[in-house]
file entry26.csv (CSV, C-alpha atoms)
chain,number,residue,atom,x,y,z
P,10,MET,CA,26.3,-143.2,188.6
P,11,SER,CA,26.8,-144.6,192.1
P,12,THR,CA,24.2,-146.8,193.6
P,13,THR,CA,23.0,-145.8,197.1
P,14,LEU,CA,22.9,-148.6,199.7
P,15,GLY,CA,20.6,-148.8,202.6
P,16,TYR,CA,21.5,-150.4,206.0
P,17,ALA,CA,19.3,-151.4,209.0
P,18,GLU,CA,20.1,-149.8,212.3
P,19,PRO,CA,18.2,-149.9,215.7
P,20,VAL,CA,15.5,-147.3,216.2
P,21,ASP,CA,16.8,-144.1,217.8
P,22,GLU,CA,15.4,-140.9,219.2
P,23,GLU,CA,15.7,-139.1,215.9
P,24,LEU,CA,13.1,-141.4,214.3
P,25,VAL,CA,10.4,-139.9,216.6
P,26,ASP,CA,10.8,-136.4,215.2
P,27,ASP,CA,11.6,-137.2,211.6
P,28,PRO,CA,8.6,-136.4,209.4
P,29,PHE,CA,10.0,-138.2,206.4
P,30,PRO,CA,11.7,-141.4,207.8
P,31,SER,CA,13.1,-144.3,205.9
P,32,LYS,CA,12.5,-147.4,208.0
P,33,ILE,CA,11.7,-151.1,208.1
P,34,GLY,CA,8.5,-152.3,209.7
P,35,GLY,CA,6.5,-150.9,212.6
P,36,LYS,CA,3.5,-148.7,211.9
P,37,PRO,CA,3.7,-146.4,208.8
P,38,ARG,CA,4.6,-142.8,209.2
P,39,TRP,CA,2.3,-141.1,206.8
P,40,LEU,CA,3.5,-138.4,204.5
P,41,ASP,CA,0.2,-136.6,205.1
P,42,PRO,CA,-1.2,-137.5,208.6
P,43,THR,CA,-4.6,-136.3,207.5
P,44,CYS,CA,-4.7,-138.9,204.8
P,45,PRO,CA,-3.5,-142.3,205.9
P,46,LEU,CA,-3.9,-145.3,203.6
P,47,ALA,CA,-7.2,-147.3,203.9
P,48,ALA,CA,-7.0,-151.1,204.5
P,49,ASP,CA,-8.9,-151.9,201.3
P,50,GLN,CA,-5.9,-150.6,199.3
P,51,VAL,CA,-3.5,-153.2,200.9
P,52,LEU,CA,-5.6,-156.3,201.3
P,53,CYS,CA,-3.7,-159.5,200.6
P,54,GLY,CA,-5.1,-161.2,197.5
P,55,GLU,CA,-4.8,-164.6,199.2
P,56,CYS,CA,-6.0,-164.3,202.8
P,57,THR,CA,-7.8,-161.0,202.2
P,58,LYS,CA,-6.4,-159.5,205.5
P,59,PRO,CA,-4.6,-156.2,205.7
P,60,MET,CA,-0.9,-156.5,204.8
P,61,ALA,CA,1.7,-155.1,207.1
P,62,MET,CA,4.2,-152.4,206.1
P,63,LEU,CA,7.5,-153.9,205.1
P,64,LEU,CA,9.2,-150.6,204.6
P,65,GLN,CA,8.8,-147.0,203.8
P,66,LEU,CA,11.5,-145.1,201.8
P,67,SER,CA,11.8,-141.4,201.6
P,68,ALA,CA,12.8,-140.6,198.0
P,69,PRO,CA,12.2,-137.0,197.2
P,70,GLU,CA,12.8,-135.8,193.6
P,71,ASP,CA,13.2,-132.4,191.9
P,72,GLU,CA,10.7,-133.0,189.1
P,73,PRO,CA,7.9,-132.5,188.9
P,74,ALA,CA,7.3,-129.9,191.7
P,75,GLU,CA,4.7,-132.2,193.2
P,76,ALA,CA,7.4,-134.8,194.1
P,77,PHE,CA,9.4,-132.5,196.4
P,78,HIS,CA,8.2,-134.6,199.3
P,79,ARG,CA,8.0,-138.2,198.1
P,80,MET,CA,7.5,-141.5,200.0
P,81,ILE,CA,7.4,-145.1,198.7
P,82,TYR,CA,5.5,-147.6,200.9
P,83,VAL,CA,6.0,-151.4,200.5
P,84,PHE,CA,3.4,-153.7,202.1
P,85,ALA,CA,3.7,-157.5,202.4
P,86,CYS,CA,1.4,-160.1,204.0
P,87,ARG,CA,2.7,-161.6,207.2
P,88,ASN,CA,1.3,-165.0,206.3
P,89,GLY,CA,4.1,-167.0,204.7
P,90,THR,CA,1.7,-169.3,203.0
P,91,CYS,CA,0.4,-166.4,200.9
P,92,HIS,CA,3.9,-165.9,199.5
P,93,THR,CA,3.9,-169.2,197.7
P,94,THR,CA,1.8,-167.4,195.0
P,95,ASP,CA,2.4,-164.4,192.7
P,96,ALA,CA,4.1,-161.6,194.6
P,97,LYS,CA,1.6,-159.1,193.2
P,98,ARG,CA,-1.1,-160.8,195.3
P,99,CYS,CA,0.7,-160.7,198.6
P,100,MET,CA,2.8,-157.5,198.2
P,101,ARG,CA,1.9,-153.9,197.3
P,102,VAL,CA,3.9,-150.8,196.5
P,103,LEU,CA,2.4,-147.3,196.7
P,104,ARG,CA,3.9,-143.9,196.0
P,105,ALA,CA,2.8,-140.7,197.8
P,106,GLN,CA,4.1,-137.2,197.2
P,107,LEU,CA,3.5,-133.5,198.1
P,108,ALA,CA,4.8,-130.3,196.6
P,109,GLU,CA,7.3,-128.2,198.5
P,110,LYS,CA,4.6,-125.6,199.3
P,111,ASN,CA,1.7,-127.4,200.8
P,112,ALA,CA,-1.0,-127.2,203.5
P,113,ILE,CA,0.6,-129.9,205.6
P,114,TYR,CA,4.1,-128.8,206.4
P,115,ARG,CA,5.9,-125.5,207.1
P,116,GLU,CA,9.5,-124.6,207.2
P,117,ARG,CA,11.2,-123.9,210.5
P,118,VAL,CA,14.8,-122.5,210.9
P,119,CYS,CA,16.8,-124.5,213.4
P,120,ASP,CA,18.4,-122.3,216.0
P,121,HIS,CA,21.9,-123.6,216.7
P,122,GLY,CA,22.7,-120.8,219.2
P,123,ALA,CA,25.4,-118.2,219.3
P,124,GLY,CA,28.3,-118.7,216.9
P,125,ALA,CA,26.3,-120.9,214.5
P,126,ASP,CA,26.7,-120.6,210.8
P,127,ASP,CA,24.4,-118.1,209.1
P,128,ASN,CA,23.2,-120.9,206.9
P,129,ASP,CA,21.0,-122.5,209.5
P,130,ASP,CA,19.4,-125.8,208.7
P,131,ILE,CA,15.8,-125.8,207.6
P,132,GLU,CA,13.5,-128.5,209.0
P,133,TRP,CA,10.0,-129.4,208.1
P,134,VAL,CA,7.3,-129.5,210.8
P,135,LEU,CA,3.6,-130.1,210.7
P,136,ALA,CA,1.5,-126.9,210.3
P,137,GLU,CA,-0.4,-126.0,213.5
P,138,HIS,CA,-3.8,-126.6,212.0
P,139,VAL,CA,-3.1,-130.1,210.8
P,140,LYS,CA,-5.3,-132.7,212.6
P,141,ALA,CA,-4.1,-136.3,212.1
P,142,ALA,CA,-6.7,-138.8,211.1
P,143,PRO,CA,-7.6,-141.7,213.5
P,144,LEU,CA,-5.3,-144.7,213.0
P,145,CYS,CA,-5.8,-148.4,213.5
P,146,ALA,CA,-4.5,-149.4,217.0
P,147,VAL,CA,-3.0,-152.6,215.5
P,148,CYS,CA,-1.3,-151.6,212.2
P,149,GLY,CA,-1.4,-147.8,211.8
P,150,LEU,CA,-3.7,-147.8,208.7
P,151,LEU,CA,-6.7,-145.5,208.6
P,152,GLY,CA,-8.9,-146.3,211.6
P,153,ASN,CA,-12.3,-145.8,210.1
P,154,LYS,CA,-13.9,-148.2,212.5
P,155,ALA,CA,-14.3,-147.8,216.3
P,156,CYS,CA,-14.9,-150.2,219.2
P,157,SER,CA,-18.6,-150.2,219.8
P,158,ARG,CA,-18.1,-150.3,223.5
P,159,CYS,CA,-15.5,-147.6,224.3
P,160,HIS,CA,-15.7,-145.7,221.0
P,161,THR,CA,-12.0,-144.7,221.4
P,162,ARG,CA,-10.1,-147.7,220.1
P,163,ARG,CA,-9.9,-147.4,216.3
P,164,TYR,CA,-9.4,-150.1,213.7
P,165,CYS,CA,-8.9,-150.5,210.0
P,166,SER,CA,-10.8,-153.7,209.6
P,167,ARG,CA,-12.9,-156.3,211.4
P,168,SER,CA,-10.0,-158.7,211.5
P,169,HIS,CA,-7.7,-156.3,213.4
P,170,GLN,CA,-10.5,-155.5,215.8
P,171,MET,CA,-10.8,-159.2,216.6
P,172,GLU,CA,-7.0,-159.4,217.0
P,173,ASP,CA,-7.0,-156.5,219.4
P,174,TRP,CA,-9.9,-157.9,221.3
P,175,ASN,CA,-8.2,-161.3,221.8
P,176,ALA,CA,-4.9,-159.6,222.7
P,177,GLY,CA,-6.6,-158.0,225.8
P,178,HIS,CA,-8.9,-155.1,224.8
P,179,ASP,CA,-11.9,-157.2,225.9
P,180,VAL,CA,-10.6,-156.9,229.5
P,181,LYS,CA,-9.5,-153.2,229.3
P,182,CYS,CA,-12.6,-151.9,227.5
P,183,PRO,CA,-14.2,-149.5,228.2
P,184,SER,CA,-11.4,-148.2,230.5
P,185,ASP,CA,-8.9,-148.0,227.6
P,186,MET,CA,-9.0,-144.3,227.8
P,187,LEU,CA,-6.9,-144.4,230.9
P,188,PRO,CA,-3.3,-145.6,231.2
P,189,GLU,CA,-3.2,-149.3,232.0
P,190,LYS,CA,-0.4,-151.2,233.8
P,191,GLY,CA,-0.7,-154.1,231.4
P,192,SER,CA,-0.9,-151.9,228.2
P,193,LEU,CA,2.7,-152.9,227.1
P,194,ASP,CA,1.8,-156.5,227.4
P,195,HIS,CA,-1.3,-155.9,225.4
P,196,GLU,CA,0.7,-154.2,222.6
P,197,SER,CA,3.3,-156.9,222.6
P,198,ARG,CA,0.6,-159.5,221.8
P,199,LEU,CA,0.0,-157.6,218.6
P,200,TRP,CA,3.6,-157.4,217.4
P,201,HIS,CA,3.4,-160.5,215.4
P,202,LEU,CA,1.1,-158.6,213.0
P,203,LEU,CA,3.8,-156.1,212.2
P,204,TYR,CA,7.4,-156.4,210.9
P,205,PRO,CA,10.1,-155.4,213.5
P,206,GLU,CA,11.0,-151.8,213.2
P,207,CYS,CA,14.5,-150.6,212.2
P,208,VAL,CA,15.9,-147.3,210.8
P,209,ILE,CA,17.3,-147.3,207.3
P,210,VAL,CA,20.5,-145.3,206.9
P,211,SER,CA,22.2,-144.8,203.5
P,212,GLU,CA,25.6,-144.2,201.9
P,213,ASP,CA,27.1,-144.6,198.5
P,214,GLU,CA,28.2,-148.1,197.4
P,215,PRO,CA,31.9,-148.5,197.8
P,216,SER,CA,33.8,-149.0,194.6
P,217,ARG,CA,35.6,-152.0,196.1
P,218,GLY,CA,35.1,-154.3,199.0
P,219,LYS,CA,37.5,-154.8,201.9
P,220,ASP,CA,38.8,-158.0,200.4
P,221,ASP,CA,39.5,-156.3,197.1
P,222,GLU,CA,41.6,-153.7,199.0
P,223,ASP,CA,43.6,-156.3,201.0
P,224,ASP,CA,44.2,-158.6,198.0
P,225,GLU,CA,45.1,-156.7,194.8
P,226,ILE,CA,44.4,-158.6,191.6
P,227,ASP,CA,47.5,-159.4,189.6
P,228,ASP,CA,47.0,-157.7,186.2
P,229,GLU,CA,49.4,-160.1,184.6
P,230,ASP,CA,47.3,-163.1,185.6
P,231,GLU,CA,44.8,-163.2,182.7
P,232,GLY,CA,42.9,-166.0,184.3
P,233,ALA,CA,42.4,-164.3,187.7
P,234,SER,CA,39.1,-162.7,186.9
P,235,ALA,CA,37.8,-165.7,185.1
P,236,SER,CA,38.7,-168.0,188.0
P,237,SER,CA,37.4,-165.8,190.8
P,238,GLY,CA,33.8,-166.9,190.2
P,239,VAL,CA,34.8,-170.5,190.4
P,240,GLU,CA,36.7,-170.0,193.6
P,241,LEU,CA,33.7,-168.3,195.2
P,242,GLU,CA,31.4,-171.0,194.0
P,243,ASN,CA,33.7,-173.8,195.4
P,244,ALA,CA,34.1,-172.0,198.7
P,245,ALA,CA,30.4,-171.5,199.1
P,246,GLU,CA,29.8,-175.2,198.2
P,247,VAL,CA,32.3,-176.4,200.8
P,248,SER,CA,30.7,-174.1,203.4
P,249,VAL,CA,27.3,-175.5,202.7
P,250,ARG,CA,28.5,-179.1,202.8
P,251,GLU,CA,30.3,-178.6,206.1
P,252,GLY,CA,27.5,-176.6,207.7
P,253,GLU,CA,24.5,-178.7,206.5
P,254,GLY,CA,26.0,-182.1,205.7
P,255,LEU,CA,25.0,-181.9,202.0
P,256,GLU,CA,27.9,-184.0,200.7
P,257,ASP,CA,26.1,-184.8,197.4
P,258,LEU,CA,25.0,-181.2,196.6
P,259,GLU,CA,25.5,-180.3,193.0
P,260,VAL,CA,26.0,-176.6,192.4
P,261,ASP,CA,24.9,-175.0,189.2
P,262,VAL,CA,25.5,-171.3,189.6
P,263,ASP,CA,24.5,-169.0,186.7
P,264,ASP,CA,26.3,-165.8,185.7
P,265,ALA,CA,23.7,-163.5,187.3
P,266,PHE,CA,24.1,-165.3,190.6
P,267,MET,CA,27.9,-165.1,190.5
P,268,ALA,CA,27.7,-161.4,189.7
P,269,PHE,CA,25.2,-160.9,192.5
P,270,GLN,CA,27.6,-162.7,195.0
P,271,GLN,CA,30.6,-160.7,194.0
P,272,ARG,CA,28.9,-157.3,194.0
P,273,VAL,CA,27.2,-157.8,197.3
P,274,GLN,CA,30.6,-158.7,198.9
P,275,ARG,CA,31.6,-155.1,198.6
P,276,SER,CA,29.1,-154.4,201.4
P,277,PRO,CA,27.5,-157.5,202.8
P,278,ASP,CA,25.1,-155.9,205.2
P,279,GLN,CA,23.2,-153.9,202.5
P,280,ILE,CA,19.4,-154.3,202.6
P,281,ILE,CA,18.5,-151.7,199.9
P,282,ARG,CA,20.0,-150.8,196.6
P,283,TYR,CA,18.7,-147.5,195.3
P,284,ALA,CA,19.4,-146.9,191.7
P,285,ARG,CA,17.6,-143.7,190.7
P,286,SER,CA,19.2,-140.2,191.1
P,287,PRO,CA,17.1,-137.0,191.1
P,288,GLY,CA,17.9,-134.9,188.0
P,289,SER,CA,19.8,-137.7,186.2
P,290,SER,CA,18.5,-139.8,183.3
P,291,GLU,CA,21.0,-142.6,184.2
P,292,VAL,CA,19.7,-145.5,186.3
P,293,ASP,CA,21.7,-148.5,187.4
P,294,GLU,CA,20.4,-151.9,186.3
P,295,PRO,CA,18.9,-154.3,188.9
P,296,LEU,CA,21.3,-156.8,190.5
P,297,PHE,CA,19.6,-160.0,189.6
P,298,VAL,CA,20.0,-163.2,191.6
P,299,SER,CA,19.4,-165.5,188.6
P,300,ASN,CA,19.5,-165.6,184.8
P,301,THR,CA,15.9,-166.8,184.9
P,302,ASP,CA,12.7,-165.0,186.0
P,303,GLN,CA,13.9,-161.6,185.0
P,304,PRO,CA,11.0,-159.2,184.3
P,305,GLU,CA,10.2,-158.0,180.8
P,306,ILE,CA,9.6,-154.2,180.6
P,307,ASP,CA,6.2,-153.3,179.3
P,308,THR,CA,5.1,-156.9,179.7
P,309,ASP,CA,5.8,-158.0,183.3
P,310,ILE,CA,6.3,-154.4,184.2
P,311,PRO,CA,3.3,-152.5,182.7
P,312,ARG,CA,3.4,-148.9,181.7
P,313,CYS,CA,2.1,-146.3,184.1
P,314,GLU,CA,-1.7,-146.5,184.0
P,315,HIS,CA,-2.0,-142.7,184.4
P,316,CYS,CA,0.5,-141.2,182.0
P,317,GLY,CA,1.6,-144.1,179.8
P,318,ALA,CA,5.3,-143.8,180.6
P,319,THR,CA,7.5,-146.9,180.8
P,320,ARG,CA,8.1,-147.7,184.4
P,321,GLN,CA,11.7,-147.4,185.6
P,322,PHE,CA,13.6,-149.5,188.0
P,323,GLU,CA,14.0,-147.5,191.2
P,324,PHE,CA,15.3,-149.7,194.0
P,325,GLN,CA,15.6,-153.3,195.2
P,326,ILE,CA,15.2,-155.0,198.5
P,327,MET,CA,18.0,-157.4,199.3
P,328,PRO,CA,17.7,-160.9,200.9
P,329,GLN,CA,19.7,-159.5,203.9
P,330,MET,CA,16.6,-157.7,205.0
P,331,LEU,CA,15.1,-161.0,205.9
P,332,ASN,CA,17.6,-161.3,208.8
P,333,HIS,CA,16.0,-158.2,210.4
P,334,LEU,CA,12.4,-159.5,210.2
P,335,LEU,CA,12.7,-162.2,212.9
P,336,LEU,CA,11.1,-164.9,210.7
P,337,ASP,CA,10.9,-168.6,211.5
P,338,THR,CA,13.5,-169.9,209.0
P,339,ALA,CA,12.6,-173.5,210.0
P,340,ASP,CA,9.1,-173.0,208.6
P,341,PRO,CA,9.0,-174.3,205.0
P,342,VAL,CA,6.6,-171.6,204.0
P,343,SER,CA,8.4,-168.8,205.8
P,344,ILE,CA,8.5,-165.5,203.8
P,345,ASP,CA,11.5,-165.5,201.5
P,346,TRP,CA,12.9,-163.9,198.4
P,347,GLY,CA,16.1,-163.6,196.4
P,348,THR,CA,15.4,-159.9,195.7
P,349,LEU,CA,12.4,-157.6,195.4
P,350,LEU,CA,12.5,-155.1,192.5
P,351,VAL,CA,10.5,-151.9,192.6
P,352,TYR,CA,9.6,-150.1,189.4
P,353,SER,CA,7.9,-146.7,189.4
P,354,CYS,CA,6.7,-144.0,187.0
P,355,PRO,CA,9.8,-141.8,186.1
P,356,ARG,CA,7.5,-138.8,185.6
P,357,ASN,CA,6.1,-139.1,189.2
P,358,CYS,CA,2.8,-138.3,187.7
P,359,ALA,CA,-0.2,-137.4,189.8
P,360,VAL,CA,-3.7,-138.7,189.3
P,361,GLY,CA,-6.3,-136.6,187.4
P,362,GLY,CA,-7.1,-133.4,189.1
P,363,GLN,CA,-5.3,-134.3,192.3
P,364,SER,CA,-2.0,-132.7,191.4
P,365,ARG,CA,-2.7,-129.7,193.6
P,366,ALA,CA,0.0,-128.8,196.2
P,367,ASP,CA,-2.3,-129.6,199.1
P,368,SER,CA,-3.6,-132.9,197.9
P,369,LEU,CA,-2.2,-136.4,198.3
P,370,VAL,CA,-3.1,-139.8,196.8
P,371,TYR,CA,-1.5,-143.2,196.9
P,372,ILE,CA,-0.4,-144.3,193.4
P,373,PRO,CA,0.2,-148.0,192.9
P,374,GLU,CA,3.6,-149.0,191.5
P,375,ILE,CA,5.0,-152.4,190.6
P,376,ILE,CA,7.0,-154.9,192.6
P,377,TRP,CA,8.7,-158.0,191.1
P,378,ARG,CA,10.0,-160.9,193.2
P,379,GLN,CA,12.9,-163.0,192.0
P,380,ASN,CA,13.6,-166.1,194.0
P,381,PHE,CA,16.7,-168.2,194.5
P,382,SER,CA,16.5,-171.8,193.6
P,383,SER,CA,16.8,-174.1,196.6
P,384,GLN,CA,20.5,-174.8,196.0
P,385,ARG,CA,21.3,-171.1,195.5
P,386,ALA,CA,19.4,-170.2,198.6
P,387,ARG,CA,21.8,-172.5,200.6
P,388,LEU,CA,24.7,-170.9,198.9
P,389,ARG,CA,23.4,-167.4,199.6
P,390,ASP,CA,23.0,-168.3,203.3
P,391,ALA,CA,26.5,-169.8,203.4
P,392,SER,CA,28.5,-167.2,201.6
P,393,ILE,CA,26.8,-163.8,202.0
call {"tool": "encode", "arguments": {"input": "entry26.csv", "output": "structure tokens"}}
result
Amino acid sequence: MSTTLGYAEPVDEELVDDPFPSKIGGKPRWLDPTCPLAADQVLCGECTKPMAMLLQLSAPEDEPAEAFHRMIYVFACRNGTCHTTDAKRCMRVLRAQLAEKNAIYRERVCDHGAGADDNDDIEWVLAEHVKAAPLCAVCGLLGNKACSRCHTRRYCSRSHQMEDWNAGHDVKCPSDMLPEKGSLDHESRLWHLLYPECVIVSEDEPSRGKDDEDDEIDDEDEGASASSGVELENAAEVSVREGEGLEDLEVDVDDAFMAFQQRVQRSPDQIIRYARSPGSSEVDEPLFVSNTDQPEIDTDIPRCEHCGATRQFEFQIMPQMLNHLLLDTADPVSIDWGTLLVYSCPRNCAVGGQSRADSLVYIPEIIWRQNFSSQRARLRDASI
């Protein structure tokens, strides 16, 4: 089975009209606009503030019927200090899904004009009666609180109300109902609470990288494969020494890290590796960054709390995504990871009696963070 890779691209016009986008950052695009996620479901276990959406990934599946429309949301605290603890305290994964026939969306045939193929595309649009729930002006979570003065600006929490007030709403309120000349400046003061927005596009992982195609391996050289890892290690070490002046750095690279380096070089810009294929029982294994700190299934990765199934690896978030988050890399407690592994229920089970076609709930899944060591982090930065 081929792994599907995801890449980050700038936001385009198509994102506006896409009801099921895959994207990094920004405000969430809810699968059911009438049922956005409440802040109390994504509070950081360290600072207790609402976490920002790191990404959402459209991942529809054929079975069960309730997973025809399916979205995975990953939230992560913006405070780097919170990430020095267990990832489960500062990150959260939730699964949302709807059946093909539901009360939220309807099918619409795209009219491509005269001469178009009879097999016109089908697109999904919101049903006319759907009324979106109010959203937090800061982060896009459920806005179940309102400004006591203007009663129009909505918030998910007291902390985001204060952030908005300090960003300029104290001056604009109660005239916020009207367009303001300085509104863009107001919004820009809140951007630090969100991750930068990018579109995620996907394609199958290439079987070989460009370097593999340019330099064919000599089959008669039995030591070529064995030495390739050493060459990569030495090249990375030299690069680190030249770039950072670490003349005395001792490099101890394990097998998993070497395999990670070599596999990623097929497509160095990848930010997502999606391993699950609808209708197939085969799932690619995670691409670990180290021999250590690999999760134990049914221990570190608990079974689904609702149906008892062993959770299955679904996708991983690569360290290359960090390049798109505009983080302060000089900050010693800046957000960092080697890879983030997401495990989910393979049955896509619903909760209790909420498996009806017109009902949506957010089901928690599991995220596991595997870090680079400090030396491997330098190698990663130098050679990927």
call {"tool": "residues_around", "arguments": {"input": "entry26.csv", "residues": "P:Cys313", "least_positions_apart": "4", "cutoff": "10 Å", "atoms": "all atoms listed in the file", "output": "list in words"}}
result
Asp307, Gly317, Ala318, Thr319, Arg320, Gln321, Tyr352, Ser353, Cys354, Pro355, Arg356, Asn357, Cys358, Ile372, Pro373, Glu374 and Ile375 of chain P
call {"tool": "atom_distance", "arguments": {"input": "entry26.csv", "atom1": "atom CA of P:Glu75", "atom2": "atom CA of P:Leu369"}}
result
9.6 Å
call {"tool": "residues_near_point", "arguments": {"input": "entry26.csv", "point": "(10.7, -159.1, 214.9)", "cutoff": "6 Å", "atoms": "only C-alpha atoms", "output": "list in words"}}
result
Tyr204, Pro205, Leu334 and Leu335 of chain P
call {"tool": "atom_distance", "arguments": {"input": "entry26.csv", "atom1": "atom CA of P:His138", "atom2": "atom CA of P:Asp41"}}
result
12.8 Å
call {"tool": "residues_around", "arguments": {"input": "entry26.csv", "residues": "stretch 79-96 of chain P", "least_positions_apart": "3", "cutoff": "6 Å", "atoms": "only C-alpha atoms", "output": "MDAnalysis selection string"}}
result
chainID P and resid 55 60:69 76 99:106 342:344
call {"tool": "atom_distance", "arguments": {"input": "entry26.csv", "atom1": "atom CA of P:Val360", "atom2": "atom CA of P:Gly35"}}
result
28.2 Å
call {"tool": "closest_residue", "arguments": {"input": "entry26.csv", "among": "P:Cys148, P:Val134, P:Ala141, P:Leu14", "to": "P:Lys36", "atoms": "only C-alpha atoms"}}
result
P:Cys148
call {"tool": "closest_residue", "arguments": {"input": "entry26.csv", "among": "P:Leu331, P:Ala142, P:Leu107, P:Cys207", "to": "P:Pro19", "atoms": "only C-alpha atoms"}}
result
P:Cys207
call {"tool": "closest_residue", "arguments": {"input": "entry26.csv", "among": "P:Asp21, P:Asp49, P:Asp302, P:Asp340", "to": "P:Gly152", "atoms": "only C-alpha atoms"}}
result
P:Asp49
call {"tool": "residues_around", "arguments": {"input": "entry26.csv", "residues": "P:Asn153", "least_positions_apart": "6", "cutoff": "8 Å", "atoms": "only C-alpha atoms", "output": "PyMOL selection string"}}
result
chain P and resi 143-145+163-165
call {"tool": "closest_residue", "arguments": {"input": "entry26.csv", "among": "P:Cys156, P:Asp173, P:Asn300, P:Ile281", "to": "P:Asp264", "atoms": "all atoms listed in the file"}}
result
P:Asn300
call {"tool": "closest_residue", "arguments": {"input": "entry26.csv", "among": "P:Tyr16, P:Phe381, P:Trp133, P:Tyr283", "to": "P:Ile113", "atoms": "all atoms listed in the file"}}
result
P:Trp133
